[in-house]
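Since the structure comes first, as structure tokens, the remarks are kept for the end.
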Amino acid sequence: MTGISVEPSQKGKFTVLTVQGPINSYTFTELQEKAMNYAGKSDLAIDLSGVSTMTSAGIGVILAAIEDAEAAGKRIFIVQPSEVARLAIESTGFGDRFPTVATMKDLPA
Amino acid sequence: MVAEVRLPGGTQAIGAYDKFLAGIPFLSDRERCTLTIAGDEVVDNLVTHGEVGQAGIHVRIRKTASCILFMALVESHASFREFAQRFKNGLLPGPRFNKHLGRWHGLGLTMCRNLCTRIVYRAGEYTDRVFLEFRTDPGSCTD
């Protein structure tokens, strides 16, 4: 199976996690470790433009990161989700819980 | 229009399913995305919560002008029978967060319910089956 890659970088006040590849039961821990490392500690943007598939395991990680960020008063955004990531988020029935921006340029200052 | 594949058990199953989907010519992009999300969820759960036998998982996708049927067949397993019974009786709880494990549960089923027009889990003596039904994208079926 093709693996996942989660690369951290910095854009202004935001730590950006750029995710590439499939997010499922076998790969989500890579995202979980890095998301938990930054969520609630700094403003966080999760770039999902390169996500090829996404199961509930990935959705759960992102929801937990959103909750951690909100509890700590930090900002968190999903950036440019791929079509499959966007549909996965929408399919939860509570897509409005996922603050999303269309591109990296749309992140607030 | 029909496509079929036999997936291996274990960690290779989801990747093999995604590769199979990528090669089906009669799906629209949206149908492929929907089948990726819901199918990955089913295959993931069959592998993670049950025991996939030597025969692996047989997946069949059939598209008509009005609907797409996804079917997964796997060697029968007690945990599937129990799950199917609870599903049939409406006893499965909604999405919930397990603080001890740091994981959400029940999200996958919710996602499938919202993506599909019908879900059936049918436990059998030798074979268990999962059926998912989706609406066909208008204009995407030329049969």
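Chains: A, B, ... in order of the structure tokens. Residues: from 1 per chain. Ligands: from 1, in order shown.
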inquiry  = What are the residues of chain B lining chain A at 6 Å or less? Count only C-alpha atoms, and put the answer as a ChimeraX atom specification.
reply    = /B:12,15,33,41,104,107-108,111,114
Which neighbours of range 132-141 of chain B fall inside 10 Å, counting only C-alpha atoms, when residues of the same chain fewer than 2 positions from it are skipped, and could you give them as a PyMOL selection string? chain B and resi 1+26-31+34-35+38-39+42+61-72+112-113+115-121+130+143
Practice task
List every residue of range 13-109 of chain A that DSSP, applied to the backbone of this structure, assigns to strand (DSSP E or B), and report them as a PyMOL selection string.
Solution key: chain A and resi 14-23+39+42-54+76-79+100-101
Please produce a file of those selected residues containing C-alpha atoms, as a PDB file, in the first residue's frame.
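Final file, selection28.pdb:
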ATOM      1  CA  PHE A  14       0.390  28.852  11.293  1.00  0.00           C
ATOM      2  CA  THR A  15       2.073  25.508  11.483  1.00  0.00           C
ATOM      3  CA  VAL A  16       1.081  23.760   8.262  1.00  0.00           C
ATOM      4  CA  LEU A  17       0.768  19.976   8.061  1.00  0.00           C
ATOM      5  CA  THR A  18       0.777  18.917   4.430  1.00  0.00           C
ATOM      6  CA  VAL A  19      -0.785  15.474   4.062  1.00  0.00           C
ATOM      7  CA  GLN A  20      -0.195  13.295   0.995  1.00  0.00           C
ATOM      8  CA  GLY A  21      -1.609   9.828   0.287  1.00  0.00           C
ATOM      9  CA  PRO A  22      -4.273   7.649   1.907  1.00  0.00           C
ATOM     10  CA  ILE A  23      -5.602   8.197   5.434  1.00  0.00           C
ATOM     11  CA  ALA A  39      -3.038  21.174  17.839  1.00  0.00           C
ATOM     12  CA  SER A  42       0.028  26.742  17.881  1.00  0.00           C
ATOM     13  CA  ASP A  43      -2.327  27.851  15.123  1.00  0.00           C
ATOM     14  CA  LEU A  44      -2.621  24.886  12.780  1.00  0.00           C
ATOM     15  CA  ALA A  45      -3.478  24.421   9.105  1.00  0.00           C
ATOM     16  CA  ILE A  46      -3.948  20.921   7.706  1.00  0.00           C
ATOM     17  CA  ASP A  47      -3.461  20.837   3.937  1.00  0.00           C
ATOM     18  CA  LEU A  48      -5.527  17.952   2.545  1.00  0.00           C
ATOM     19  CA  SER A  49      -5.067  18.738  -1.148  1.00  0.00           C
ATOM     20  CA  GLY A  50      -2.922  15.640  -1.671  1.00  0.00           C
ATOM     21  CA  VAL A  51      -5.137  13.157   0.168  1.00  0.00           C
ATOM     22  CA  SER A  52      -6.056  10.209  -2.068  1.00  0.00           C
ATOM     23  CA  THR A  53      -8.497   8.413   0.254  1.00  0.00           C
ATOM     24  CA  MET A  54      -9.918   9.136   3.687  1.00  0.00           C
ATOM     25  CA  ILE A  76      -7.224  25.523  13.112  1.00  0.00           C
ATOM     26  CA  PHE A  77      -8.148  25.257   9.436  1.00  0.00           C
ATOM     27  CA  ILE A  78      -8.482  22.547   6.831  1.00  0.00           C
ATOM     28  CA  VAL A  79      -6.875  23.777   3.609  1.00  0.00           C
ATOM     29  CA  THR A 100     -12.092  25.093   5.820  1.00  0.00           C
ATOM     30  CA  VAL A 101     -10.326  27.514   3.479  1.00  0.00           C
TER      31      VAL A 101
END
